[in-house]
Amino acid sequence: MKVGDLVGFPETGYTALILEQVQAYGDGAQYDHVRLLVTQKVDFKNPTWMSMHELKRCAEVINASR
């Protein structure tokens with residue numbers, strides 16, 4: 001999954017566009033996070049952030065960027 005991909009969350013039916021990917025470091029480890037713009041109306045801050053690990057667990061690529 002990479003910036004520009006359109007991803008779907010089968011469990012909720014939401015779709016989102018990956019806007020940005022950042023790497024953070026803490027406790028001697030590296031953490032990848034992505035900023036997502038959810039394309040439906042949601043009750044949380046949008047765009048929102050999610051770890052890449054969680055994104056890969058919960059979502060699938062619908063349309064890959066080039």
# chains A, B, ... in the order shown; residues from 1 in each chain; ligands from 1
call {"tool": "select_by_dssp", "arguments": {"residues": "chain A", "states": "strand (DSSP E)", "output": "ChimeraX atom specification"}}
result
/A:6-9,14-26,29-38,48-51,60-63
call {"tool": "residues_around", "arguments": {"residues": "Cys58 of chain A", "least_positions_apart": "6", "cutoff": "9 Å", "atoms": "only C-alpha atoms", "output": "short mmCIF file (atom, residue, chain, number, x, y, z; two decimals) with N, CA, C and O atoms, in the first residue's frame"}}
result
data_model
loop_
_atom_site.label_atom_id
_atom_site.label_comp_id
_atom_site.auth_asym_id
_atom_site.auth_seq_id
_atom_site.Cartn_x
_atom_site.Cartn_y
_atom_site.Cartn_z
N GLY A 8 -10.18 -0.05 0.53
CA GLY A 8 -11.50 -0.33 1.05
C GLY A 8 -11.42 -1.10 2.35
O GLY A 8 -10.51 -1.90 2.54
N PHE A 9 -12.36 -0.83 3.22
CA PHE A 9 -12.46 -1.53 4.50
C PHE A 9 -13.71 -2.40 4.45
O PHE A 9 -14.83 -1.91 4.68
N PRO A 10 -13.56 -3.68 4.12
CA PRO A 10 -14.71 -4.57 3.94
C PRO A 10 -15.64 -4.64 5.15
O PRO A 10 -16.85 -4.75 5.00
N GLU A 11 -15.08 -4.55 6.35
CA GLU A 11 -15.90 -4.69 7.55
C GLU A 11 -16.86 -3.52 7.74
O GLU A 11 -17.97 -3.69 8.24
#
call {"tool": "select_by_dssp", "arguments": {"residues": "chain A", "states": "helix (DSSP H, G or I)", "output": "list in words"}}
result
Met52, His53, Glu54, Leu55, Lys56, Arg57 and Cys58 of chain A
call {"tool": "closest_residue", "arguments": {"among": "A:Pro47, A:Gln30, A:Ala64, A:Val38", "to": "Thr12 of chain A", "atoms": "only C-alpha atoms"}}
result
A:Val38
call {"tool": "residues_around", "arguments": {"residues": "Glu54 of chain A", "least_positions_apart": "6", "cutoff": "12 Å", "atoms": "only C-alpha atoms", "output": "tab-separated table (two decimals) with N, CA, C and O atoms, in the first residue's frame"}}
result
chain	number	residue	atom	x	y	z
A	1	MET	N	0.86	-1.17	0.00
A	1	MET	CA	0.00	0.00	0.00
A	1	MET	C	0.90	1.23	0.00
A	1	MET	O	1.91	1.27	0.69
A	9	PHE	N	-12.36	-0.83	3.22
A	9	PHE	CA	-12.46	-1.53	4.50
A	9	PHE	C	-13.71	-2.40	4.45
A	9	PHE	O	-14.83	-1.91	4.68
A	31	TYR	N	8.03	3.14	13.28
A	31	TYR	CA	6.60	2.98	13.08
A	31	TYR	C	6.17	3.72	11.82
A	31	TYR	O	6.50	4.88	11.65
A	32	ASP	N	5.46	3.04	10.93
A	32	ASP	CA	4.92	3.67	9.73
A	32	ASP	C	3.46	4.02	9.96
A	32	ASP	O	2.70	3.20	10.47
A	33	HIS	N	3.09	5.23	9.60
A	33	HIS	CA	1.71	5.68	9.71
A	33	HIS	C	1.27	6.28	8.39
A	33	HIS	O	2.08	6.79	7.63
A	34	VAL	N	-0.02	6.21	8.11
A	34	VAL	CA	-0.58	6.79	6.90
A	34	VAL	C	-1.70	7.76	7.27
A	34	VAL	O	-2.40	7.58	8.27
A	60	GLU	N	-8.06	-3.38	2.05
A	60	GLU	CA	-7.50	-3.97	0.83
A	60	GLU	C	-7.45	-2.87	-0.23
A	60	GLU	O	-8.27	-1.95	-0.24
call {"tool": "closest_residue", "arguments": {"among": "A:Gln23, A:Asn63, A:Thr15, A:Ser51", "to": "Thr39 of chain A", "atoms": "only C-alpha atoms"}}
result
A:Thr15
call {"tool": "residues_around", "arguments": {"residues": "Trp49 of chain A", "least_positions_apart": "4", "cutoff": "10 Å", "atoms": "only C-alpha atoms", "output": "NGL selection string"}}
result
:A and (18-21 or 33-37 or 45 or 55)
call {"tool": "write_last_selection", "arguments": {"atoms": "N, CA and C atoms", "output": "PDB file, in the first residue's frame"}}
result
ATOM      1  N   ILE A  18      -5.126   7.105   0.401  1.00  0.00           N
ATOM      2  CA  ILE A  18      -3.917   7.315   1.195  1.00  0.00           C
ATOM      3  C   ILE A  18      -3.270   8.614   0.728  1.00  0.00           C
ATOM      4  N   LEU A  19      -3.213   9.605   1.628  1.00  0.00           N
ATOM      5  CA  LEU A  19      -2.685  10.921   1.300  1.00  0.00           C
ATOM      6  C   LEU A  19      -1.197  11.056   1.574  1.00  0.00           C
ATOM      7  N   GLU A  20      -0.724  10.365   2.603  1.00  0.00           N
ATOM      8  CA  GLU A  20       0.643  10.582   3.065  1.00  0.00           C
ATOM      9  C   GLU A  20       1.096   9.379   3.888  1.00  0.00           C
ATOM     10  N   GLN A  21       2.383   9.109   3.853  1.00  0.00           N
ATOM     11  CA  GLN A  21       2.965   8.065   4.692  1.00  0.00           C
ATOM     12  C   GLN A  21       4.158   8.662   5.413  1.00  0.00           C
ATOM     13  N   HIS A  33       3.090   5.232   9.598  1.00  0.00           N
ATOM     14  CA  HIS A  33       1.709   5.682   9.712  1.00  0.00           C
ATOM     15  C   HIS A  33       1.267   6.277   8.387  1.00  0.00           C
ATOM     16  N   VAL A  34      -0.019   6.206   8.115  1.00  0.00           N
ATOM     17  CA  VAL A  34      -0.579   6.794   6.904  1.00  0.00           C
ATOM     18  C   VAL A  34      -1.703   7.762   7.273  1.00  0.00           C
ATOM     19  N   ARG A  35      -1.827   8.793   6.459  1.00  0.00           N
ATOM     20  CA  ARG A  35      -2.925   9.743   6.596  1.00  0.00           C
ATOM     21  C   ARG A  35      -3.941   9.383   5.528  1.00  0.00           C
ATOM     22  N   LEU A  36      -5.187   9.188   5.941  1.00  0.00           N
ATOM     23  CA  LEU A  36      -6.255   8.719   5.066  1.00  0.00           C
ATOM     24  C   LEU A  36      -7.375   9.743   4.968  1.00  0.00           C
ATOM     25  N   LEU A  37      -7.893   9.919   3.753  1.00  0.00           N
ATOM     26  CA  LEU A  37      -9.089  10.714   3.552  1.00  0.00           C
ATOM     27  C   LEU A  37     -10.224   9.749   3.258  1.00  0.00           C
ATOM     28  N   LYS A  45     -12.526  12.760  12.992  1.00  0.00           N
ATOM     29  CA  LYS A  45     -11.724  13.710  12.233  1.00  0.00           C
ATOM     30  C   LYS A  45     -11.291  13.100  10.904  1.00  0.00           C
ATOM     31  N   LEU A  55      -3.663  -0.699   8.915  1.00  0.00           N
ATOM     32  CA  LEU A  55      -4.239  -0.549   7.577  1.00  0.00           C
ATOM     33  C   LEU A  55      -4.144  -1.856   6.799  1.00  0.00           C
TER      34      LEU A  55
END
call {"tool": "atom_distance", "arguments": {"atom1": "atom CA of Thr48 of chain A", "atom2": "atom CA of Gly26 of chain A"}}
result
20.7 Å
call {"tool": "decode", "arguments": {"residues": "segment 45-57 of chain A", "atoms": "all heavy atoms", "output": "mmCIF file, in the first residue's frame"}}
result
data_model
loop_
_atom_site.group_PDB
_atom_site.id
_atom_site.type_symbol
_atom_site.label_atom_id
_atom_site.label_comp_id
_atom_site.auth_asym_id
_atom_site.auth_seq_id
_atom_site.Cartn_x
_atom_site.Cartn_y
_atom_site.Cartn_z
ATOM 1 N N LYS A 45 -12.526 12.760 12.992
ATOM 2 C CA LYS A 45 -11.724 13.710 12.233
ATOM 3 C C LYS A 45 -11.291 13.100 10.904
ATOM 4 O O LYS A 45 -10.786 11.984 10.857
ATOM 5 C CB LYS A 45 -10.495 14.107 13.060
ATOM 6 C CG LYS A 45 -9.674 15.188 12.432
ATOM 7 C CD LYS A 45 -8.525 15.572 13.335
ATOM 8 C CE LYS A 45 -7.656 16.608 12.653
ATOM 9 N NZ LYS A 45 -6.505 16.945 13.471
ATOM 10 N N ASN A 46 -11.507 13.847 9.833
ATOM 11 C CA ASN A 46 -11.194 13.360 8.491
ATOM 12 C C ASN A 46 -10.504 14.496 7.735
ATOM 13 O O ASN A 46 -11.075 15.575 7.647
ATOM 14 C CB ASN A 46 -12.487 12.946 7.788
ATOM 15 C CG ASN A 46 -12.261 12.162 6.523
ATOM 16 O OD1 ASN A 46 -11.236 11.535 6.340
ATOM 17 N ND2 ASN A 46 -13.237 12.212 5.636
ATOM 18 N N PRO A 47 -9.286 14.311 7.227
ATOM 19 C CA PRO A 47 -8.518 13.074 7.171
ATOM 20 C C PRO A 47 -8.074 12.610 8.567
ATOM 21 O O PRO A 47 -8.036 13.390 9.505
ATOM 22 C CB PRO A 47 -7.309 13.410 6.310
ATOM 23 C CG PRO A 47 -7.366 14.849 5.993
ATOM 24 C CD PRO A 47 -8.619 15.411 6.538
ATOM 25 N N THR A 48 -7.738 11.329 8.624
ATOM 26 C CA THR A 48 -7.367 10.706 9.879
ATOM 27 C C THR A 48 -6.070 9.924 9.701
ATOM 28 O O THR A 48 -5.600 9.717 8.588
ATOM 29 C CB THR A 48 -8.511 9.793 10.382
ATOM 30 O OG1 THR A 48 -8.245 9.404 11.720
ATOM 31 C CG2 THR A 48 -8.698 8.576 9.487
ATOM 32 N N TRP A 49 -5.488 9.493 10.800
ATOM 33 C CA TRP A 49 -4.230 8.734 10.788
ATOM 34 C C TRP A 49 -4.464 7.297 11.231
ATOM 35 O O TRP A 49 -5.346 7.023 12.048
ATOM 36 C CB TRP A 49 -3.212 9.371 11.733
ATOM 37 C CG TRP A 49 -2.699 10.674 11.245
ATOM 38 C CD1 TRP A 49 -3.216 11.914 11.528
ATOM 39 C CD2 TRP A 49 -1.599 10.889 10.375
ATOM 40 N NE1 TRP A 49 -2.490 12.869 10.879
ATOM 41 C CE2 TRP A 49 -1.488 12.282 10.167
ATOM 42 C CE3 TRP A 49 -0.693 10.048 9.733
ATOM 43 C CZ2 TRP A 49 -0.501 12.836 9.361
ATOM 44 C CZ3 TRP A 49 0.285 10.613 8.936
ATOM 45 C CH2 TRP A 49 0.377 11.992 8.754
ATOM 46 N N MET A 50 -3.649 6.386 10.698
ATOM 47 C CA MET A 50 -3.714 4.963 11.055
ATOM 48 C C MET A 50 -2.325 4.376 10.861
ATOM 49 O O MET A 50 -1.584 4.807 9.976
ATOM 50 C CB MET A 50 -4.724 4.263 10.138
ATOM 51 C CG MET A 50 -4.863 2.776 10.355
ATOM 52 S SD MET A 50 -6.092 2.038 9.234
ATOM 53 C CE MET A 50 -7.569 2.297 10.191
ATOM 54 N N SER A 51 -1.991 3.408 11.679
ATOM 55 C CA SER A 51 -0.702 2.744 11.477
ATOM 56 C C SER A 51 -0.772 1.891 10.214
ATOM 57 O O SER A 51 -1.833 1.390 9.838
ATOM 58 C CB SER A 51 -0.343 1.869 12.681
ATOM 59 O OG SER A 51 -1.165 0.717 12.712
ATOM 60 N N MET A 52 0.357 1.746 9.554
ATOM 61 C CA MET A 52 0.404 0.918 8.348
ATOM 62 C C MET A 52 0.063 -0.531 8.700
ATOM 63 O O MET A 52 -0.611 -1.212 7.941
ATOM 64 C CB MET A 52 1.785 1.003 7.701
ATOM 65 C CG MET A 52 1.900 0.184 6.429
ATOM 66 S SD MET A 52 0.757 0.646 5.116
ATOM 67 C CE MET A 52 1.689 1.924 4.316
ATOM 68 N N HIS A 53 0.497 -0.972 9.864
ATOM 69 C CA HIS A 53 0.189 -2.335 10.300
ATOM 70 C C HIS A 53 -1.329 -2.548 10.384
ATOM 71 O O HIS A 53 -1.859 -3.537 9.883
ATOM 72 C CB HIS A 53 0.844 -2.608 11.653
ATOM 73 C CG HIS A 53 0.497 -3.935 12.232
ATOM 74 N ND1 HIS A 53 1.065 -5.110 11.800
ATOM 75 C CD2 HIS A 53 -0.388 -4.288 13.197
ATOM 76 C CE1 HIS A 53 0.554 -6.122 12.475
ATOM 77 N NE2 HIS A 53 -0.333 -5.648 13.328
ATOM 78 N N GLU A 54 -2.016 -1.593 10.986
ATOM 79 C CA GLU A 54 -3.480 -1.693 11.124
ATOM 80 C C GLU A 54 -4.168 -1.583 9.763
ATOM 81 O O GLU A 54 -5.133 -2.295 9.481
ATOM 82 C CB GLU A 54 -3.989 -0.598 12.066
ATOM 83 C CG GLU A 54 -5.425 -0.754 12.468
ATOM 84 C CD GLU A 54 -5.671 -1.913 13.416
ATOM 85 O OE1 GLU A 54 -4.719 -2.494 13.946
ATOM 86 O OE2 GLU A 54 -6.844 -2.257 13.619
ATOM 87 N N LEU A 55 -3.663 -0.699 8.915
ATOM 88 C CA LEU A 55 -4.239 -0.549 7.577
ATOM 89 C C LEU A 55 -4.144 -1.856 6.799
ATOM 90 O O LEU A 55 -5.122 -2.293 6.186
ATOM 91 C CB LEU A 55 -3.531 0.575 6.819
ATOM 92 C CG LEU A 55 -4.054 0.868 5.419
ATOM 93 C CD1 LEU A 55 -5.486 1.407 5.472
ATOM 94 C CD2 LEU A 55 -3.142 1.836 4.692
ATOM 95 N N LYS A 56 -2.987 -2.491 6.828
ATOM 96 C CA LYS A 56 -2.813 -3.755 6.098
ATOM 97 C C LYS A 56 -3.701 -4.859 6.659
ATOM 98 O O LYS A 56 -4.142 -5.747 5.942
ATOM 99 C CB LYS A 56 -1.347 -4.181 6.134
ATOM 100 C CG LYS A 56 -0.476 -3.327 5.242
ATOM 101 C CD LYS A 56 0.960 -3.780 5.291
ATOM 102 C CE LYS A 56 1.817 -2.961 4.338
ATOM 103 N NZ LYS A 56 3.223 -3.354 4.381
ATOM 104 N N ARG A 57 -3.979 -4.800 7.967
ATOM 105 C CA ARG A 57 -4.822 -5.809 8.601
ATOM 106 C C ARG A 57 -6.299 -5.618 8.257
ATOM 107 O O ARG A 57 -7.038 -6.594 8.087
ATOM 108 C CB ARG A 57 -4.634 -5.733 10.130
ATOM 109 C CG ARG A 57 -5.306 -6.858 10.886
ATOM 110 C CD ARG A 57 -5.093 -6.732 12.376
ATOM 111 N NE ARG A 57 -5.866 -5.675 12.978
ATOM 112 C CZ ARG A 57 -7.161 -5.729 13.242
ATOM 113 N NH1 ARG A 57 -7.859 -6.798 12.916
ATOM 114 N NH2 ARG A 57 -7.783 -4.717 13.799
#
